[in-house]
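Participant: Quick one, protein21.txt (compact mmCIF, N, CA, C and O atoms):
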```txt
# COMPACT_ATOMS: atom_id res chain seq x y z
N MET A 110 -17.34 -19.90 -1.32
CA MET A 110 -17.22 -18.65 -2.02
C MET A 110 -18.20 -18.68 -3.19
O MET A 110 -18.28 -19.66 -3.92
N ASN A 111 -18.92 -17.59 -3.37
CA ASN A 111 -19.91 -17.58 -4.45
C ASN A 111 -19.21 -17.37 -5.80
O ASN A 111 -18.07 -16.93 -5.87
N PRO A 112 -19.90 -17.68 -6.89
CA PRO A 112 -19.28 -17.61 -8.22
C PRO A 112 -18.80 -16.21 -8.60
O PRO A 112 -17.77 -16.07 -9.27
N ASN A 113 -19.50 -15.17 -8.18
CA ASN A 113 -19.07 -13.80 -8.51
C ASN A 113 -17.75 -13.47 -7.84
O ASN A 113 -16.88 -12.84 -8.44
N GLU A 114 -17.61 -13.85 -6.58
CA GLU A 114 -16.35 -13.60 -5.88
C GLU A 114 -15.22 -14.37 -6.53
O GLU A 114 -14.11 -13.84 -6.69
N GLN A 115 -15.48 -15.61 -6.92
CA GLN A 115 -14.44 -16.42 -7.57
C GLN A 115 -14.04 -15.81 -8.91
O GLN A 115 -12.86 -15.76 -9.25
N LYS A 116 -15.02 -15.32 -9.68
CA LYS A 116 -14.71 -14.67 -10.95
C LYS A 116 -13.86 -13.43 -10.73
O LYS A 116 -12.91 -13.17 -11.48
N LEU A 117 -14.19 -12.64 -9.71
CA LEU A 117 -13.43 -11.44 -9.40
C LEU A 117 -12.00 -11.79 -9.02
O LEU A 117 -11.04 -11.17 -9.51
N ILE A 118 -11.83 -12.79 -8.18
CA ILE A 118 -10.49 -13.20 -7.76
C ILE A 118 -9.68 -13.70 -8.95
O ILE A 118 -8.52 -13.34 -9.13
N ASN A 119 -10.30 -14.51 -9.80
CA ASN A 119 -9.60 -15.00 -10.99
C ASN A 119 -9.22 -13.86 -11.93
O ASN A 119 -8.13 -13.83 -12.49
N SER A 120 -10.12 -12.89 -12.07
CA SER A 120 -9.84 -11.74 -12.93
C SER A 120 -8.68 -10.92 -12.37
O SER A 120 -7.80 -10.49 -13.12
N LEU A 121 -8.69 -10.70 -11.06
CA LEU A 121 -7.61 -9.94 -10.44
C LEU A 121 -6.27 -10.66 -10.56
O LEU A 121 -5.24 -10.04 -10.81
N ARG A 122 -6.29 -11.98 -10.40
CA ARG A 122 -5.05 -12.75 -10.56
C ARG A 122 -4.53 -12.65 -11.99
O ARG A 122 -3.33 -12.50 -12.21
N PHE A 123 -5.42 -12.73 -12.96
CA PHE A 123 -5.02 -12.63 -14.36
C PHE A 123 -4.45 -11.25 -14.65
O PHE A 123 -3.39 -11.11 -15.27
N GLN A 124 -5.12 -10.20 -14.17
CA GLN A 124 -4.65 -8.84 -14.42
C GLN A 124 -3.38 -8.53 -13.64
O GLN A 124 -2.58 -7.70 -14.07
N ALA A 125 -3.18 -9.17 -12.51
CA ALA A 125 -1.98 -8.93 -11.72
C ALA A 125 -0.74 -9.43 -12.43
O ALA A 125 0.37 -8.94 -12.18
N MET A 126 -0.91 -10.37 -13.34
CA MET A 126 0.24 -10.88 -14.07
C MET A 126 0.67 -9.94 -15.19
O MET A 126 1.72 -10.11 -15.79
N ASP A 127 -0.17 -8.95 -15.52
CA ASP A 127 0.24 -7.94 -16.49
C ASP A 127 1.39 -7.14 -15.91
O ASP A 127 1.61 -7.10 -14.71
N HIS A 128 2.11 -6.47 -16.79
CA HIS A 128 3.23 -5.66 -16.32
C HIS A 128 2.73 -4.32 -15.81
O HIS A 128 2.06 -3.59 -16.52
N HIS A 129 3.01 -4.05 -14.58
CA HIS A 129 2.72 -2.75 -13.98
C HIS A 129 4.05 -2.16 -13.56
O HIS A 129 4.91 -2.85 -13.01
N PRO A 130 4.26 -0.90 -13.80
CA PRO A 130 5.57 -0.32 -13.48
C PRO A 130 5.90 -0.34 -11.99
O PRO A 130 7.06 -0.30 -11.63
N THR A 131 4.90 -0.41 -11.13
CA THR A 131 5.19 -0.38 -9.70
C THR A 131 5.17 -1.76 -9.05
O THR A 131 5.64 -1.91 -7.93
N LEU A 132 4.61 -2.76 -9.72
CA LEU A 132 4.55 -4.11 -9.15
C LEU A 132 5.31 -5.07 -10.04
O LEU A 132 5.20 -5.03 -11.25
N LYS A 133 6.07 -5.93 -9.40
CA LYS A 133 6.72 -7.00 -10.16
C LYS A 133 6.64 -8.27 -9.32
O LYS A 133 6.60 -8.21 -8.09
N PRO A 134 6.61 -9.42 -9.96
CA PRO A 134 6.54 -10.66 -9.21
C PRO A 134 7.73 -10.82 -8.26
O PRO A 134 8.86 -10.50 -8.62
N HIS A 135 7.44 -11.27 -7.08
CA HIS A 135 8.50 -11.44 -6.08
C HIS A 135 9.36 -12.63 -6.47
O HIS A 135 8.87 -13.65 -6.94
N SER A 136 10.65 -12.50 -6.29
CA SER A 136 11.56 -13.56 -6.72
C SER A 136 11.52 -14.79 -5.80
O SER A 136 11.80 -15.90 -6.25
N PHE A 137 11.15 -14.63 -4.54
CA PHE A 137 11.16 -15.73 -3.59
C PHE A 137 9.76 -16.25 -3.29
O PHE A 137 9.51 -17.44 -3.31
N PHE A 138 8.83 -15.34 -3.01
CA PHE A 138 7.46 -15.72 -2.65
C PHE A 138 6.62 -15.83 -3.92
O PHE A 138 6.40 -14.84 -4.61
N LYS A 139 6.14 -17.02 -4.19
CA LYS A 139 5.33 -17.24 -5.38
C LYS A 139 3.93 -16.64 -5.18
O LYS A 139 3.39 -16.62 -4.08
N ASN A 140 3.36 -16.12 -6.26
CA ASN A 140 2.05 -15.46 -6.26
C ASN A 140 2.01 -14.23 -5.38
O ASN A 140 0.95 -13.82 -4.92
N LYS A 141 3.16 -13.65 -5.11
CA LYS A 141 3.25 -12.39 -4.38
C LYS A 141 3.96 -11.38 -5.25
O LYS A 141 4.68 -11.73 -6.17
N PHE A 142 3.77 -10.12 -4.95
CA PHE A 142 4.38 -9.06 -5.73
C PHE A 142 5.17 -8.14 -4.82
O PHE A 142 4.86 -8.01 -3.64
N GLU A 143 6.18 -7.50 -5.37
CA GLU A 143 6.93 -6.52 -4.62
C GLU A 143 6.79 -5.17 -5.29
O GLU A 143 6.56 -5.08 -6.50
N VAL A 144 6.91 -4.14 -4.50
CA VAL A 144 6.77 -2.79 -5.01
C VAL A 144 8.14 -2.30 -5.47
O VAL A 144 9.11 -2.36 -4.72
N SER A 145 8.18 -1.86 -6.70
CA SER A 145 9.41 -1.24 -7.18
C SER A 145 9.14 0.25 -7.36
O SER A 145 8.00 0.70 -7.23
N LEU A 146 10.15 1.00 -7.68
CA LEU A 146 10.04 2.45 -7.84
C LEU A 146 9.59 3.13 -6.55
O LEU A 146 8.93 4.16 -6.56
N PHE A 147 9.92 2.55 -5.44
CA PHE A 147 9.60 3.13 -4.14
C PHE A 147 10.88 3.08 -3.32
O PHE A 147 11.28 2.02 -2.84
N TYR A 148 11.56 4.20 -3.23
CA TYR A 148 12.87 4.23 -2.61
C TYR A 148 12.86 5.15 -1.39
O TYR A 148 12.24 6.21 -1.42
N VAL A 149 13.52 4.72 -0.35
CA VAL A 149 13.69 5.53 0.85
C VAL A 149 15.16 5.50 1.23
O VAL A 149 15.90 4.59 0.86
N ASP A 150 15.58 6.52 1.96
CA ASP A 150 16.98 6.60 2.37
C ASP A 150 17.30 5.70 3.55
O ASP A 150 18.40 5.18 3.66
N ASN A 151 16.34 5.58 4.46
CA ASN A 151 16.60 4.78 5.65
C ASN A 151 15.27 4.33 6.27
O ASN A 151 14.20 4.59 5.71
N HIS A 152 15.34 3.67 7.40
CA HIS A 152 14.14 3.16 8.05
C HIS A 152 13.23 4.28 8.53
O HIS A 152 12.02 4.13 8.55
N VAL A 153 13.80 5.41 8.91
CA VAL A 153 12.98 6.53 9.36
C VAL A 153 12.10 7.03 8.22
O VAL A 153 10.91 7.27 8.40
N ASP A 154 12.68 7.18 7.04
CA ASP A 154 11.89 7.59 5.88
C ASP A 154 10.79 6.59 5.56
O ASP A 154 9.68 6.97 5.20
N LEU A 155 11.10 5.32 5.69
CA LEU A 155 10.10 4.29 5.44
C LEU A 155 8.93 4.40 6.41
O LEU A 155 7.76 4.39 6.02
N VAL A 156 9.24 4.55 7.69
CA VAL A 156 8.19 4.65 8.70
C VAL A 156 7.36 5.92 8.49
O VAL A 156 6.13 5.90 8.57
N LEU A 157 8.02 7.04 8.19
CA LEU A 157 7.29 8.28 7.97
C LEU A 157 6.42 8.20 6.71
O LEU A 157 5.32 8.74 6.67
N THR A 158 6.90 7.52 5.69
CA THR A 158 6.11 7.36 4.47
C THR A 158 4.88 6.50 4.73
O THR A 158 3.77 6.84 4.30
N VAL A 159 5.06 5.41 5.45
CA VAL A 159 3.93 4.55 5.78
C VAL A 159 2.93 5.31 6.65
O VAL A 159 1.72 5.24 6.45
N ARG A 160 3.44 6.09 7.59
CA ARG A 160 2.58 6.89 8.46
C ARG A 160 1.77 7.89 7.64
O ARG A 160 0.57 8.05 7.83
N ALA A 161 2.42 8.55 6.69
CA ALA A 161 1.72 9.51 5.84
C ALA A 161 0.66 8.84 4.97
O ALA A 161 -0.43 9.37 4.79
N LEU A 162 0.97 7.66 4.45
CA LEU A 162 -0.01 6.93 3.63
C LEU A 162 -1.21 6.49 4.46
O LEU A 162 -2.35 6.55 4.00
N LEU A 163 -0.96 6.03 5.69
CA LEU A 163 -2.06 5.65 6.57
C LEU A 163 -2.93 6.85 6.92
O LEU A 163 -4.16 6.76 6.93
N TYR A 164 -2.29 7.98 7.21
CA TYR A 164 -3.04 9.19 7.53
C TYR A 164 -3.88 9.63 6.33
O TYR A 164 -5.05 9.99 6.48
N LEU A 165 -3.30 9.54 5.13
CA LEU A 165 -4.04 9.90 3.92
C LEU A 165 -5.25 8.99 3.73
O LEU A 165 -6.34 9.45 3.39
N ALA A 166 -5.06 7.69 3.97
CA ALA A 166 -6.17 6.75 3.85
C ALA A 166 -7.26 7.05 4.88
O ALA A 166 -8.46 7.01 4.57
N MET A 167 -6.86 7.38 6.11
CA MET A 167 -7.84 7.70 7.15
C MET A 167 -8.61 8.97 6.78
O MET A 167 -9.82 9.05 6.97
N LYS A 168 -7.91 9.97 6.23
CA LYS A 168 -8.58 11.21 5.83
C LYS A 168 -9.52 10.98 4.66
O LYS A 168 -10.56 11.61 4.55
N ALA A 169 -9.16 10.06 3.76
CA ALA A 169 -10.04 9.76 2.63
C ALA A 169 -11.31 9.06 3.10
O ALA A 169 -12.39 9.29 2.56
N ILE A 170 -11.19 8.22 4.13
CA ILE A 170 -12.35 7.52 4.66
C ILE A 170 -13.22 8.45 5.49
O ILE A 170 -14.44 8.47 5.36
N ASP A 171 -12.59 9.25 6.35
CA ASP A 171 -13.33 10.14 7.23
C ASP A 171 -12.65 11.51 7.27
O ASP A 171 -11.69 11.70 8.02
N PRO A 172 -13.12 12.48 6.47
CA PRO A 172 -12.46 13.79 6.42
C PRO A 172 -12.51 14.57 7.74
O PRO A 172 -11.72 15.48 7.94
N GLU A 173 -13.41 14.19 8.64
CA GLU A 173 -13.54 14.90 9.92
C GLU A 173 -12.57 14.37 10.99
O GLU A 173 -12.69 14.75 12.14
N ILE A 174 -11.65 13.54 10.59
CA ILE A 174 -10.72 12.92 11.55
C ILE A 174 -9.91 14.00 12.27
O ILE A 174 -9.55 15.02 11.71
N CYS A 175 -9.66 13.76 13.52
CA CYS A 175 -8.91 14.71 14.35
C CYS A 175 -7.44 14.75 13.92
O CYS A 175 -6.86 13.73 13.57
N ASP A 176 -6.85 15.92 13.95
CA ASP A 176 -5.45 16.09 13.54
C ASP A 176 -4.50 16.09 14.74
O ASP A 176 -3.45 16.72 14.70
N ASP A 177 -4.84 15.39 15.81
CA ASP A 177 -4.00 15.37 17.00
C ASP A 177 -2.61 14.81 16.71
O ASP A 177 -1.62 15.25 17.30
N ILE A 178 -2.50 13.85 15.82
CA ILE A 178 -1.21 13.24 15.51
C ILE A 178 -0.26 14.29 14.96
O ILE A 178 0.89 14.39 15.37
N ASN A 179 -0.75 15.11 14.04
CA ASN A 179 0.11 16.12 13.44
C ASN A 179 0.44 17.23 14.43
O ASN A 179 1.52 17.80 14.37
N LYS A 180 -0.45 17.56 15.34
CA LYS A 180 -0.19 18.61 16.32
C LYS A 180 0.93 18.24 17.27
O LYS A 180 1.66 19.09 17.75
N LYS A 181 1.09 16.93 17.55
CA LYS A 181 2.15 16.48 18.45
C LYS A 181 3.54 16.72 17.87
O LYS A 181 4.48 16.99 18.60
N TYR A 182 3.66 16.58 16.56
CA TYR A 182 4.98 16.58 15.94
C TYR A 182 5.31 17.85 15.17
O TYR A 182 6.28 17.89 14.44
N VAL A 183 4.49 18.88 15.32
CA VAL A 183 4.76 20.13 14.61
C VAL A 183 5.91 20.85 15.29
O VAL A 183 5.93 21.03 16.50
N MET A 184 6.89 21.22 14.49
CA MET A 184 8.04 21.95 15.02
C MET A 184 7.73 23.45 14.99
O MET A 184 7.28 23.96 13.97
N ILE A 185 7.98 24.11 16.08
CA ILE A 185 7.72 25.57 16.16
C ILE A 185 9.03 26.30 16.07
O ILE A 185 10.04 25.94 16.49
```
Once more with this new file: its structure as structure tokens, please.

Facilitator:
Amino acid sequence: MNPNEQKLINSLRFQAMDHHPTLKPHSFFKNKFEVSLFYVDNHVDLVLTVRALLYLAMKAIDPEICDDINKKYVMI
């Protein structure tokens, strides 16, 4: 790993230890973080939220992406 990458990783690790309202250190896994302030009612809400976030990321990367996924699930 080159020195710039190592400096970036060290900087990110140092900044990750700061208090962020959405991230907190995981109680079991060391050097890992868990997301707080993210609540869902059930597994369906969780899956739909992850699906929406993935779709948003895909649209941000490529705005011309086809909307076939949404057309399948539109209720008439």

Participant: Need the shell around A:Thr158: protein/DNA/RNA residues with any atom at most 10 Å away, counting only C-alpha atoms. Skip same-chain ones fewer than 6 positions apart. Format as a VMD selection string?

Facilitator: chain A and resid 149 152 164

Participant: Grab the atom N of A:Leu163 to atom O of A:Lys141 distance for me, in Å with one decimal place.

Facilitator: 22.1 Å

Participant: Mind the document's chain letters and residue numbers, and return as a ChimeraX atom specification the residues of stretch 117-168 of chain A that DSSP labels alpha helix (DSSP H).

Facilitator: /A:117-125,152-168

Participant: To one decimal place in Å, what is the distance between atom CA of A:Gln115 and atom C of A:Lys139?

Facilitator: 18.5 Å

Participant: Need the shell around A:Lys133: protein/DNA/RNA residues with any atom at most 4.5 Å away, counting only N, CA, C and O atoms. Skip same-chain ones fewer than 2 positions apart. Format as a list in words?

Facilitator: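 What passes the distance filter is Thr131, His135, Lys141, Phe142 and Glu143 of chain A.
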
Participant: To one decimal place, how far is atom C of A:Ala161 from atom O of A:Ser145 in Å?

Facilitator: 16.4 Å
